[in-house]
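Just upload-v1.cif here, mmCIF, C-alpha atoms:
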data_query
loop_
_atom_site.label_atom_id
_atom_site.label_comp_id
_atom_site.auth_asym_id
_atom_site.auth_seq_id
_atom_site.Cartn_x
_atom_site.Cartn_y
_atom_site.Cartn_z
CA MET T 1 193.55 40.37 46.79
CA SER T 2 190.97 39.23 44.31
CA VAL T 3 189.04 36.11 45.13
CA SER T 4 187.23 34.00 42.56
CA GLU T 5 183.47 34.01 42.72
CA GLN T 6 183.46 30.37 43.78
CA ASP T 7 185.93 30.99 46.61
CA GLU T 8 183.92 34.00 47.63
CA LEU T 9 180.85 31.80 48.19
CA ILE T 10 182.88 29.16 50.01
CA LEU T 11 184.54 31.60 52.36
CA ASN T 12 181.20 33.15 53.25
CA ALA T 13 179.66 29.72 53.85
CA TYR T 14 182.70 28.82 55.98
CA LEU T 15 182.34 31.96 58.08
CA ASP T 16 178.61 31.27 58.53
CA GLY T 17 179.15 27.67 59.59
CA GLU T 18 177.28 26.38 56.56
CA LEU T 19 180.03 24.10 55.21
CA ALA T 20 179.97 20.39 55.93
CA SER T 21 182.74 19.47 58.35
CA ILE T 22 184.92 17.81 55.69
CA GLU T 23 184.67 20.82 53.40
CA ALA T 24 185.35 23.14 56.32
CA ALA T 25 188.48 21.20 57.25
CA ARG T 26 189.63 21.27 53.64
CA PHE T 27 189.02 25.03 53.49
CA GLU T 28 190.97 25.57 56.70
CA GLN T 29 193.94 23.84 55.12
CA ARG T 30 193.75 26.30 52.25
CA LEU T 31 193.49 29.21 54.69
CA ALA T 32 196.68 28.08 56.37
CA LYS T 33 198.48 28.23 53.04
CA GLN T 34 196.85 31.33 51.56
CA PRO T 35 197.15 34.37 53.88
CA GLY T 36 195.28 36.53 51.38
CA LEU T 37 192.25 34.29 51.64
CA ALA T 38 192.56 34.20 55.42
CA ALA T 39 192.61 38.02 55.50
CA GLU T 40 189.34 38.06 53.57
CA VAL T 41 187.74 35.78 56.13
CA GLU T 42 189.08 37.88 59.00
CA ALA T 43 187.79 41.11 57.46
CA ARG T 44 184.31 39.59 57.28
CA ARG T 45 184.55 38.30 60.82
CA ALA T 46 185.54 41.76 62.05
CA LEU T 47 182.56 43.19 60.19
CA ARG T 48 180.28 40.77 62.02
CA ASP T 49 181.74 41.68 65.42
CA ARG T 50 181.26 45.36 64.73
CA LEU T 51 177.65 44.83 63.67
CA ARG T 52 176.83 42.73 66.70
CA SER T 53 178.26 45.17 69.23
CA GLY T 54 175.72 47.43 70.82
CA LEU T 55 172.78 45.28 69.74
CA ALA T 56 171.31 45.26 73.23
CA GLU T 57 170.60 48.98 72.96
CA ASP T 58 168.68 48.50 69.75
CA VAL T 59 165.27 47.78 71.25
CA PRO T 60 161.80 49.24 70.75
CA SER T 61 160.22 51.66 73.21
CA ASP T 62 158.37 50.21 76.21
CA ASP T 63 155.26 51.69 74.81
CA LEU T 64 155.27 49.52 71.68
CA ARG T 65 154.35 46.30 73.45
CA ARG T 66 151.46 48.00 75.21
CA ARG T 67 150.16 49.52 71.96
CA ILE T 68 150.39 46.16 70.21
CA MET T 69 148.42 44.34 72.88
CA ALA T 70 145.79 47.08 72.81
CA SER T 71 145.37 46.84 69.04
CA VAL T 72 145.32 43.03 69.14
CA ASP T 73 142.65 43.08 71.85
CA SER T 74 140.41 45.37 69.85
CA ALA T 75 141.04 43.40 66.65
CA GLY T 76 140.07 40.24 68.54
CA GLU T 77 136.75 41.78 69.50
CA ARG T 78 136.05 43.00 65.98
CA LYS T 79 137.01 39.66 64.52
CA ALA T 80 134.72 37.75 66.85
CA SER T 81 131.67 39.84 65.97
CA SER T 82 132.25 39.98 62.21
CA TRP T 83 133.04 36.26 62.07
CA ALA T 84 129.95 35.35 63.97
CA ARG T 85 127.91 37.24 61.38
CA SER T 86 129.58 35.92 58.25
CA TRP T 87 129.93 32.40 59.60
CA SER T 88 126.33 32.08 60.68
CA SER T 89 125.04 32.64 57.13
CA LEU T 90 127.79 30.62 55.47
CA ALA T 91 127.63 27.91 58.12
CA ALA T 92 123.89 27.51 57.70
CA SER T 93 124.27 26.83 53.99
CA PHE T 94 127.02 24.31 54.65
CA LEU T 95 124.94 22.58 57.25
CA VAL T 96 122.20 22.07 54.65
CA GLY T 97 124.83 20.69 52.28
CA ALA T 98 126.20 18.32 54.87
CA LEU T 99 122.76 17.00 55.76
CA LEU T 100 121.67 16.56 52.16
CA GLY T 101 124.92 15.20 50.84
CA GLY T 102 125.49 12.86 53.72
CA GLY T 103 129.06 12.49 52.52
CA LEU T 104 128.10 10.33 49.53
CA ILE T 105 127.20 12.09 46.32
CA PHE T 106 127.35 15.80 47.04
CA GLY T 107 127.07 17.20 43.56
CA ALA T 108 124.07 15.20 42.44
CA LEU T 109 121.94 17.18 44.83
CA ASN T 110 121.36 20.88 44.69
CA ASP T 111 123.85 21.64 47.38
CA GLN T 112 123.96 25.34 48.10
CA GLY T 113 127.07 25.15 50.31
CA ARG T 114 129.05 23.37 47.68
CA GLN T 115 127.84 25.81 45.05
CA ASP T 116 129.16 28.68 47.21
CA VAL T 117 132.58 27.07 47.34
CA ALA T 118 132.47 26.39 43.58
CA ASN T 119 131.79 30.10 43.02
CA GLN T 120 134.68 31.03 45.25
CA VAL T 121 137.22 28.67 43.74
CA VAL T 122 136.33 29.73 40.19
CA SER T 123 136.56 33.40 41.25
CA ALA T 124 139.98 32.75 42.76
CA HIS T 125 141.11 31.06 39.54
CA ILE T 126 139.87 33.96 37.39
CA ARG T 127 141.45 36.51 39.69
CA ALA T 128 144.76 34.66 39.46
CA LEU T 129 144.60 34.64 35.65
CA MET T 130 144.07 38.40 35.62
CA ALA T 131 147.10 39.11 37.79
CA PRO T 132 150.49 39.70 36.13
CA GLN T 133 151.30 36.13 37.13
CA SER T 134 148.97 33.51 38.46
CA PHE T 135 151.29 32.28 41.21
CA ASP T 136 153.36 33.63 44.10
CA VAL T 137 156.15 31.12 43.75
CA ALA T 138 157.28 29.98 40.31
CA SER T 139 158.63 26.47 40.24
CA SER T 140 158.19 23.24 38.36
CA ASP T 141 159.83 21.38 41.21
CA ARG T 142 157.47 19.95 43.80
CA HIS T 143 160.34 19.87 46.28
CA THR T 144 160.45 23.65 46.06
CA VAL T 145 156.70 24.17 46.10
CA LYS T 146 155.89 21.92 49.06
CA PRO T 147 158.19 23.64 51.57
CA TRP T 148 156.98 27.02 50.33
CA PHE T 149 153.56 26.22 51.82
CA ALA T 150 155.06 25.27 55.18
CA GLY T 151 154.45 28.06 57.66
CA LYS T 152 151.68 29.51 55.52
CA LEU T 153 149.14 26.75 56.02
CA ALA T 154 148.02 24.60 58.93
CA PHE T 155 148.21 21.42 56.85
CA ALA T 156 150.55 19.87 54.29
CA PRO T 157 149.03 19.91 50.80
CA LYS T 158 149.73 17.17 48.27
CA VAL T 159 151.99 18.27 45.43
CA VAL T 160 152.50 15.85 42.55
CA ASP T 161 154.69 15.95 39.47
CA LEU T 162 152.67 15.39 36.30
CA SER T 163 155.14 16.87 33.81
CA THR T 164 155.82 13.58 32.02
CA GLN T 165 152.05 13.13 31.64
CA GLY T 166 151.84 16.52 29.88
CA PHE T 167 150.71 18.68 32.81
CA PRO T 168 153.81 20.56 34.01
CA LEU T 169 153.65 22.32 37.38
CA VAL T 170 154.32 26.05 36.96
CA GLY T 171 153.93 27.40 40.47
CA ALA T 172 151.79 27.89 43.54
CA ARG T 173 149.91 30.53 45.45
CA ILE T 174 147.67 30.90 48.48
CA ASP T 175 143.96 31.58 47.89
CA VAL T 176 141.38 32.41 50.50
CA ILE T 177 138.18 30.38 50.37
CA GLY T 178 135.51 30.85 53.02
CA LEU T 179 137.88 33.08 55.03
CA GLU T 180 140.52 30.34 55.24
CA PRO T 181 143.82 30.23 53.34
CA VAL T 182 144.06 27.25 50.98
CA ALA T 183 146.92 25.84 48.89
CA SER T 184 146.64 26.45 45.15
CA LEU T 185 148.88 24.68 42.68
CA VAL T 186 149.10 25.91 39.11
CA TYR T 187 149.59 23.38 36.34
CA SER T 188 149.50 24.05 32.61
CA LYS T 189 148.06 22.15 29.68
CA GLY T 190 148.98 23.86 26.42
CA LYS T 191 147.62 27.41 26.69
CA HIS T 192 145.28 26.50 29.54
CA GLN T 193 146.03 26.85 33.21
CA ILE T 194 144.73 24.44 35.78
CA SER T 195 144.37 25.51 39.41
CA VAL T 196 144.32 22.78 42.02
CA MET T 197 143.05 24.13 45.35
CA GLU T 198 143.45 22.04 48.46
CA MET T 199 141.69 22.68 51.74
CA PRO T 200 141.65 20.62 54.91
CA ASN T 201 138.65 18.39 55.49
CA PRO T 202 138.60 17.71 59.23
CA ARG T 203 135.19 16.03 59.15
CA GLY T 204 136.88 13.16 57.36
CA LEU T 205 134.23 12.55 54.72
CA THR T 206 135.33 10.95 51.48
CA THR T 207 133.44 12.30 48.50
CA GLN T 208 133.48 11.21 44.88
CA LEU T 209 134.23 13.45 41.96
CA THR T 210 131.59 16.07 41.27
CA GLN T 211 131.50 18.59 38.49
CA HIS T 212 130.33 22.20 38.31
CA ALA T 213 130.36 24.54 35.34
CA GLU T 214 130.76 28.26 36.04
CA GLN T 215 131.13 30.97 33.39
CA GLY T 216 132.91 28.70 30.94
CA TYR T 217 135.14 27.20 33.64
CA GLN T 218 134.93 23.65 34.91
CA ALA T 219 135.29 23.04 38.62
CA LEU T 220 135.83 19.42 39.65
CA SER T 221 135.93 18.43 43.28
CA TRP T 222 136.53 15.40 45.44
CA SER T 223 137.72 14.66 48.92
CA ASP T 224 140.03 11.91 50.11
CA GLY T 225 138.91 12.21 53.71
CA LYS T 226 141.76 14.50 54.76
CA ILE T 227 141.87 17.07 52.00
CA THR T 228 139.16 18.46 49.75
CA TYR T 229 140.44 19.17 46.25
CA TRP T 230 139.05 21.56 43.67
CA VAL T 231 140.38 21.56 40.12
CA VAL T 232 139.45 24.63 38.07
CA SER T 233 140.26 25.33 34.43
CA ASP T 234 138.87 26.31 31.07
CA ALA T 235 140.56 23.28 29.49
CA ALA T 236 138.32 20.58 27.97
CA VAL T 237 136.41 18.47 30.52
CA GLU T 238 137.90 15.23 29.21
CA GLU T 239 141.42 16.56 29.67
CA LEU T 240 140.57 17.69 33.17
CA LYS T 241 139.20 14.27 34.06
CA THR T 242 142.41 12.70 32.79
CA PHE T 243 144.33 15.21 34.92
CA VAL T 244 142.23 14.43 37.99
CA GLY T 245 142.71 10.68 37.49
CA LEU T 246 146.47 11.09 37.33
CA PHE T 247 146.54 13.49 40.26
CA GLN T 248 144.50 11.13 42.46
CA GLU T 249 146.69 8.19 41.52
CA LEU T 250 149.93 10.01 42.38
CA ALA T 251 148.55 11.75 45.47
CA GLU T 252 147.72 8.35 46.96
CA SER T 253 151.06 6.75 46.22
CA MET Q 1 124.05 24.06 66.40
CA PRO Q 2 125.48 25.64 63.25
CA VAL Q 3 128.68 24.03 62.06
CA ASP Q 4 130.95 25.72 59.55
CA TRP Q 5 132.59 23.94 56.63
CA ARG Q 6 135.72 23.10 58.62
CA GLY Q 7 133.60 21.49 61.31
CA ARG Q 8 133.88 24.24 63.92
CA HIS Q 9 130.93 25.28 65.97
CA ALA Q 10 130.03 28.89 65.32
CA THR Q 11 129.28 29.51 68.99
CA ASP Q 12 132.83 28.50 69.93
CA LEU Q 13 134.22 31.60 68.25
CA ASN Q 14 134.85 33.58 71.40
CA VAL Q 15 136.76 30.70 72.90
CA ASP Q 16 138.76 30.42 69.67
CA ASP Q 17 139.57 34.08 69.91
CA GLN Q 18 140.91 33.69 73.39
CA THR Q 19 143.18 31.01 71.96
CA ASP Q 20 144.29 33.31 69.14
CA GLN Q 21 145.46 35.89 71.64
CA THR Q 22 147.26 33.32 73.73
CA ARG Q 23 148.93 31.93 70.64
CA PHE Q 24 149.89 35.40 69.48
CA VAL Q 25 151.53 36.08 72.84
CA GLU Q 26 153.41 32.77 72.63
CA VAL Q 27 154.38 32.79 68.96
CA PHE Q 28 154.89 36.39 67.89
CA LEU Q 29 155.45 38.53 70.96
CA PRO Q 30 158.72 36.90 72.13
CA HIS Q 31 160.29 38.13 68.88
CA LEU Q 32 159.35 41.76 69.32
CA ASP Q 33 162.95 42.98 69.65
CA ASP Q 34 163.96 40.99 66.57
CA ALA Q 35 160.94 42.30 64.71
CA PHE Q 36 161.83 45.86 65.63
CA ARG Q 37 165.46 45.49 64.57
CA LEU Q 38 164.56 44.03 61.19
CA ALA Q 39 161.97 46.73 60.53
CA ARG Q 40 164.45 49.37 61.64
CA TRP Q 41 167.18 48.14 59.32
CA ILE Q 42 164.78 47.87 56.40
CA SER Q 43 163.08 51.24 56.95
CA GLY Q 44 166.08 53.09 58.36
CA SER Q 45 164.11 54.79 61.12
CA ARG Q 46 163.00 53.96 64.66
CA ALA Q 47 159.66 55.70 64.31
CA ASP Q 48 158.86 53.95 61.02
CA ALA Q 49 159.98 50.64 62.51
CA GLU Q 50 157.53 50.96 65.40
CA ASP Q 51 154.68 51.67 62.99
CA ILE Q 52 155.71 48.71 60.84
CA VAL Q 53 155.97 46.35 63.81
CA GLN Q 54 152.59 47.42 65.08
CA GLU Q 55 151.05 46.71 61.68
CA ALA Q 56 152.93 43.42 61.39
CA SER Q 57 151.63 42.41 64.83
CA LEU Q 58 148.08 42.84 63.66
CA ARG Q 59 148.78 40.79 60.56
CA ALA Q 60 150.39 38.09 62.67
CA PHE Q 61 147.42 38.06 65.02
CA LYS Q 62 144.93 37.78 62.17
CA GLY Q 63 146.98 35.03 60.54
CA ILE Q 64 147.96 33.21 63.72
CA ARG Q 65 145.96 30.14 62.64
CA THR Q 66 148.05 29.82 59.50
CA PHE Q 67 151.12 29.20 61.66
CA SER Q 68 151.60 25.46 61.47
CA GLY Q 69 154.42 24.96 63.91
CA GLY Q 70 158.16 25.11 63.32
CA ASN Q 71 160.38 28.12 63.64
CA THR Q 72 158.35 30.90 65.29
CA ARG Q 73 161.16 33.39 64.82
CA ALA Q 74 161.40 32.87 61.07
CA TRP Q 75 157.61 33.05 60.83
CA ALA Q 76 157.50 36.34 62.76
CA LEU Q 77 160.36 37.82 60.74
CA THR Q 78 158.70 36.81 57.47
CA ILE Q 79 155.61 38.78 58.41
CA VAL Q 80 157.67 41.77 59.56
CA ARG Q 81 159.70 41.71 56.37
CA ASN Q 82 156.63 41.57 54.12
CA THR Q 83 154.89 44.26 56.15
CA SER Q 84 158.00 46.46 55.91
CA TYR Q 85 157.91 46.25 52.14
CA SER Q 86 154.21 47.02 51.81
CA TRP Q 87 154.48 49.77 54.41
CA LEU Q 88 157.42 51.37 52.58
CA ALA Q 89 155.70 51.04 49.22
CA LYS Q 90 152.72 52.90 50.65
CA ASN Q 91 154.44 55.50 52.83
CA ARG Q 92 157.96 55.91 51.40
CA PRO Q 93 157.62 54.85 47.77
CA SER Q 94 160.98 56.33 46.75
CA THR Q 95 162.99 54.06 49.07
CA VAL Q 96 161.95 50.79 47.47
CA VAL Q 97 164.56 49.80 44.92
CA LEU Q 98 163.76 47.19 42.33
CA THR Q 99 166.06 44.22 42.13
CA GLU Q 100 166.88 44.87 38.47
CA ASP Q 101 168.09 48.43 39.11
CA LEU Q 102 169.96 47.21 42.07
CA ASP Q 103 171.84 44.48 40.25
CA GLN Q 104 173.09 47.09 37.83
CA HIS Q 105 173.99 49.49 40.63
CA ALA Q 106 175.77 46.84 42.64
CA ARG Q 107 177.66 45.53 39.65
CA GLU Q 108 179.00 48.97 38.80
CA LYS Q 109 180.00 49.62 42.36
CA MET Q 110 181.74 46.29 42.61
CA GLU Q 111 183.52 46.78 39.34
CA ARG Q 112 184.76 50.12 40.61
CA ALA Q 113 185.94 48.51 43.81
CA ALA Q 114 187.64 45.71 41.94
CA GLY Q 115 189.34 48.25 39.66
CA ASP Q 116 191.17 49.90 42.56
CA GLY Q 117 193.82 47.25 42.40
CA ASP Q 118 196.52 49.04 44.37
CA VAL Q 119 194.39 49.76 47.42
CA PRO Q 120 194.93 46.96 49.89
CA THR Q 121 192.05 44.86 51.14
CA PRO Q 122 190.76 46.34 54.39
CA GLU Q 123 192.35 44.44 57.18
CA ALA Q 124 190.37 43.04 60.02
CA ALA Q 125 192.29 45.34 62.35
CA LEU Q 126 191.19 48.38 60.40
CA ILE Q 127 187.53 47.46 60.74
CA ALA Q 128 187.91 46.59 64.38
CA LYS Q 129 189.23 50.11 65.01
CA MET Q 130 186.30 51.76 63.24
CA GLU Q 131 183.39 53.16 65.18
CA ALA Q 132 180.45 50.75 65.17
CA GLU Q 133 178.42 53.70 63.97
CA GLU Q 134 180.48 53.98 60.81
CA VAL Q 135 180.09 50.29 60.02
CA ARG Q 136 176.36 50.49 60.61
CA ASN Q 137 176.06 53.47 58.32
CA ALA Q 138 177.73 51.49 55.57
CA VAL Q 139 175.20 48.70 56.05
CA ALA Q 140 172.36 51.21 56.03
CA ALA Q 141 173.58 52.47 52.65
CA LEU Q 142 173.39 49.02 51.07
CA PRO Q 143 170.61 48.42 48.56
CA LEU Q 144 167.68 46.78 50.32
CA PRO Q 145 167.91 43.17 49.04
CA PHE Q 146 171.56 42.96 50.13
CA ARG Q 147 170.94 44.79 53.38
CA GLU Q 148 168.11 42.50 54.49
CA VAL Q 149 170.14 39.35 53.85
CA LEU Q 150 173.12 40.73 55.76
CA VAL Q 151 170.93 41.88 58.66
CA LEU Q 152 169.11 38.54 58.90
CA ARG Q 153 172.48 36.79 58.99
CA GLU Q 154 174.52 39.10 61.23
CA ILE Q 155 171.94 40.75 63.46
CA HIS Q 156 169.38 37.95 63.69
CA ASP Q 157 171.86 35.10 63.33
CA LEU Q 158 169.60 33.08 61.02
CA ASP Q 159 171.06 30.22 59.01
CA TYR Q 160 170.85 30.19 55.21
CA ARG Q 161 167.77 27.95 55.14
CA SER Q 162 165.82 30.27 57.45
CA ILE Q 163 166.89 33.38 55.53
CA ALA Q 164 165.69 31.70 52.32
CA ASP Q 165 162.34 31.03 53.99
CA VAL Q 166 161.97 34.56 55.31
CA ILE Q 167 162.72 36.34 52.05
CA GLN Q 168 161.27 33.56 49.87
CA VAL Q 169 164.19 33.02 47.52
CA PRO Q 170 166.32 29.92 46.89
CA ILE Q 171 169.35 29.28 49.14
CA GLY Q 172 171.68 29.93 46.20
CA THR Q 173 170.32 33.47 45.96
CA VAL Q 174 170.85 33.97 49.70
CA MET Q 175 174.47 32.87 49.32
CA SER Q 176 175.25 35.12 46.40
CA ARG Q 177 173.48 38.14 47.93
CA LEU Q 178 175.26 37.67 51.23
CA ALA Q 179 178.64 37.35 49.52
CA ARG Q 180 177.95 40.50 47.52
CA ALA Q 181 176.64 42.37 50.54
CA ARG Q 182 179.82 41.76 52.50
CA LYS Q 183 181.99 42.61 49.54
CA LEU Q 184 180.12 45.86 49.00
CA ILE Q 185 180.46 46.83 52.66
CA LEU Q 186 184.17 46.10 52.71
CA ALA Q 187 184.62 48.12 49.52
CA ALA Q 188 182.66 51.03 50.99
CA LEU Q 189 184.65 51.00 54.23
CA GLN Q 190 187.84 50.87 52.24
CA GLU Q 191 186.74 53.91 50.21
CA SER Q 192 185.97 55.84 53.38
CA THR Q 193 189.45 55.17 54.77
CA PRO Q 194 192.00 57.78 53.75
#
Will you turn the file into structure tokens for me?
Amino acid sequence: MSVSEQDELILNAYLDGELASIEAARFEQRLAKQPGLAAEVEARRALRDRLRSGLAEDVPSDDLRRRIMASVDSAGERKASSWARSWSSLAASFLVGALLGGGLIFGALNDQGRQDVANQVVSAHIRALMAPQSFDVASSDRHTVKPWFAGKLAFAPKVVDLSTQGFPLVGARIDVIGLEPVASLVYSKGKHQISVMEMPNPRGLTTQLTQHAEQGYQALSWSDGKITYWVVSDAAVEELKTFVGLFQELAES
Amino acid sequence: MPVDWRGRHATDLNVDDQTDQTRFVEVFLPHLDDAFRLARWISGSRADAEDIVQEASLRAFKGIRTFSGGNTRAWALTIVRNTSYSWLAKNRPSTVVLTEDLDQHAREKMERAAGDGDVPTPEAALIAKMEAEEVRNAVAALPLPFREVLVLREIHDLDYRSIADVIQVPIGTVMSRLARARKLILAALQESTP
């Protein structure tokens, strides 16, 4: 029998236990009256049973687990030595920054560590603009974007809706700054794109807004004590400051 | 003592690495069988699946700090699924079908199936009598985006929300692909029955 597209979705959801109990009960009443529909459900159930039989035999060779642990062990050793090298130089520059900045007015001083991050966030923004699309998930809905980050990051980034203020959200991606994955939100302002990169700030220092200019891009940064934010764009500085003001306001609320 | 920008002490790295291995063993390794099955269904071969799972394990190990809690199984399967795709693109480029081609292909096939009005719908009893092998072959012949949704649902028993997370599409897309996948399989099994 032919089933309407709507019924098709409902009968699949019923079979998969994804209907709310009231809807499921209502659907069962229909099944009792419509044998054709019931046959469709049964055919799908039989398909499931067939697919699940013999699953226990479908396992990898004993050798696979051993090979995996061997490769993880050797990767662990490589990682430790290469990290120690790259961290020691990067860490030294950040230590200078932390001592000089003292958590108050980072950007006013010539802070090498912060400059390194500014270079990296602007590079990430430029790289994103050169890709076929500047985001991995396209959505103007913060309720779609926020869960997308879950499982990819060790912290929950702030995602705010600024569409009514003229800065619609277009999507999100993950960037890597200083060897760590960070959350990047992509907003637009006319033809300009604005990247907002968020990274955890476990030292808990609050810092005020600082501004860097790199290759025609503006990079604005602040920290609210939990998250350090970087806003990068080639839009006008005044527009970006408006954007930052709105973002801070909504991120706090 | 040098401190990095996240506040970690550089000399603690070896200790951190110990933790990474422990976490890998706790988070990823319990799902090895699941990982293997998914890779096998996506790649269509045991040997390829073992290569894929080995590569995915390394990725999981390197990214173990990005795991922020929650469903370890869905996290592991997401990595295996993404690794399968990049592995296939590199080593078996002809097997990766683009979604656009596939929609066309699936639509035609479904229209053909729908056109055979006089052939009865395959009964549950008919499928139950079939060799499991035959049913599996029909699944293996499904275009990849339908196959992976069906496998995650039927073999891995994931709910719609978790499938959506693993393949990074909205739930509505999971529902329509799953509905189509089952319809395509039933149509194929019906065709194979004299």
Quick one, how far is atom CA of Ala13 of chain T from atom CA of Leu178 of chain Q?
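Atom-to-atom, atom CA of Ala13 of chain T and atom CA of Leu178 of chain Q are spaced 9.5 Å apart.
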Proximity to chain T - best of Q:Trp87, Q:Tyr160, Q:Phe146, Q:Phe28, all atoms listed in the file
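Under the stated criterion, the closest residue is Q:Tyr160.
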Among listed residues T:Leu47, T:Arg114, T:Leu19, T:Glu40, nearest Val135 of chain Q (using only C-alpha atoms)
T:Leu47
Taking a cut-off of 6 Å and counting only C-alpha atoms, can you build a table that, for each residue of chain T near chain Q, reports the nearest atom pair and how far apart they are in Å (one decimal), sorted by chain then residue number, as JSON lines?
{"residue": "T:Glu42", "atom": "CA", "partner": "Q:Ala124", "partner_atom": "CA", "distance": 5.4}
{"residue": "T:Ala43", "atom": "CA", "partner": "Q:Ala124", "partner_atom": "CA", "distance": 4.1}
{"residue": "T:Ala46", "atom": "CA", "partner": "Q:Ala124", "partner_atom": "CA", "distance": 5.4}
{"residue": "T:Arg50", "atom": "CA", "partner": "Q:Ala132", "partner_atom": "CA", "distance": 5.5}
{"residue": "T:Val59", "atom": "CA", "partner": "Q:Asp33", "partner_atom": "CA", "distance": 5.6}
{"residue": "T:Ile68", "atom": "CA", "partner": "Q:Gln54", "partner_atom": "CA", "distance": 5.7}
{"residue": "T:Ala91", "atom": "CA", "partner": "Q:Asp4", "partner_atom": "CA", "distance": 4.2}
{"residue": "T:Phe94", "atom": "CA", "partner": "Q:Trp5", "partner_atom": "CA", "distance": 5.9}
{"residue": "T:Gly151", "atom": "CA", "partner": "Q:Phe67", "partner_atom": "CA", "distance": 5.3}
{"residue": "T:Lys152", "atom": "CA", "partner": "Q:Thr66", "partner_atom": "CA", "distance": 5.4}
{"residue": "T:Leu153", "atom": "CA", "partner": "Q:Thr66", "partner_atom": "CA", "distance": 4.8}
{"residue": "T:Ala154", "atom": "CA", "partner": "Q:Ser68", "partner_atom": "CA", "distance": 4.5}
Check which residues satisfy the PyMOL selection byres ((chain T and resi 125) around 9) in the file shown, then give them as a PyMOL selection string.
chain T and resi 120-124+126-130+134+175+194-195+232-233
So which one's closest to Ser162 of chain Q, Q:Arg73, Q:Arg147, Q:Lys90, Q:Arg81? Using only C-alpha atoms, please.
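Closest to Ser162 of chain Q, using only C-alpha atoms: Q:Arg73.
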How many Å lie between atom CA of Gln208 of chain T and atom CA of Glu239 of chain T, rounded to one decimal?
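Rounded to one decimal, the two atoms are 18.0 Å apart.
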Selection result for the PyMOL selection byres ((chain T and resi 28-34) around 12) on this file, as a list in words:
Met1, Val3, Asp7, Ile10, Leu11, Tyr14, Leu15, Leu19, Ser21, Ile22, Glu23, Ala24, Ala25, Arg26, Phe27, Pro35, Gly36, Leu37, Ala38, Ala39, Glu40, Val41 and Glu42 of chain T
Work out how far atom CA of Ala236 of chain T is from atom CA of Leu250 of chain T, in Å to one decimal.
21.3 Å
Draw an axis-aligned box over all listed atoms of segment 59-62 of chain Q, pad each side with 4 Å, and write its centre and edge lengths in Å, one decimal, as AutoDock Vina command-line options.
--center_x 147.7 --center_y 39.3 --center_z 62.8 --size_x 13.5 --size_y 11.0 --size_z 12.5
So what does the PyMOL selection byres ((chain T and resi 234) around 7) actually pick up in this one, as a list in words?
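On this input, the PyMOL selection byres ((chain T and resi 234) around 7) captures His192, Gly216, Tyr217, Gln218, Ser233, Ala235 and Ala236 of chain T.
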What does segment 160-185 of chain Q look like written to a file with C-alpha atoms, as an mmCIF file, in the first residue's frame?
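Result file follows (out28.cif):
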data_model
loop_
_atom_site.group_PDB
_atom_site.id
_atom_site.type_symbol
_atom_site.label_atom_id
_atom_site.label_comp_id
_atom_site.auth_asym_id
_atom_site.auth_seq_id
_atom_site.Cartn_x
_atom_site.Cartn_y
_atom_site.Cartn_z
ATOM 1 C CA TYR Q 160 17.376 10.279 16.801
ATOM 2 C CA ARG Q 161 19.073 12.983 18.878
ATOM 3 C CA SER Q 162 22.330 11.006 19.101
ATOM 4 C CA ILE Q 163 22.279 10.143 15.392
ATOM 5 C CA ALA Q 164 21.817 13.849 14.622
ATOM 6 C CA ASP Q 165 24.847 14.618 16.798
ATOM 7 C CA VAL Q 166 27.010 11.935 15.222
ATOM 8 C CA ILE Q 167 26.331 12.878 11.617
ATOM 9 C CA GLN Q 168 25.871 16.587 12.377
ATOM 10 C CA VAL Q 169 22.538 17.164 10.679
ATOM 11 C CA PRO Q 170 19.192 18.314 12.115
ATOM 12 C CA ILE Q 171 16.832 15.693 13.589
ATOM 13 C CA GLY Q 172 14.369 16.295 10.749
ATOM 14 C CA THR Q 173 17.018 15.156 8.278
ATOM 15 C CA VAL Q 174 17.681 12.038 10.363
ATOM 16 C CA MET Q 175 13.966 11.221 10.286
ATOM 17 C CA SER Q 176 13.550 11.649 6.564
ATOM 18 C CA ARG Q 177 16.761 9.750 5.732
ATOM 19 C CA LEU Q 178 15.805 6.892 8.006
ATOM 20 C CA ALA Q 179 12.320 6.688 6.510
ATOM 21 C CA ARG Q 180 13.792 6.669 3.021
ATOM 22 C CA ALA Q 181 16.468 4.152 3.939
ATOM 23 C CA ARG Q 182 13.917 1.642 5.172
ATOM 24 C CA LYS Q 183 11.681 2.231 2.199
ATOM 25 C CA LEU Q 184 14.577 1.689 -0.187
ATOM 26 C CA ILE Q 185 15.584 -1.538 1.540
#
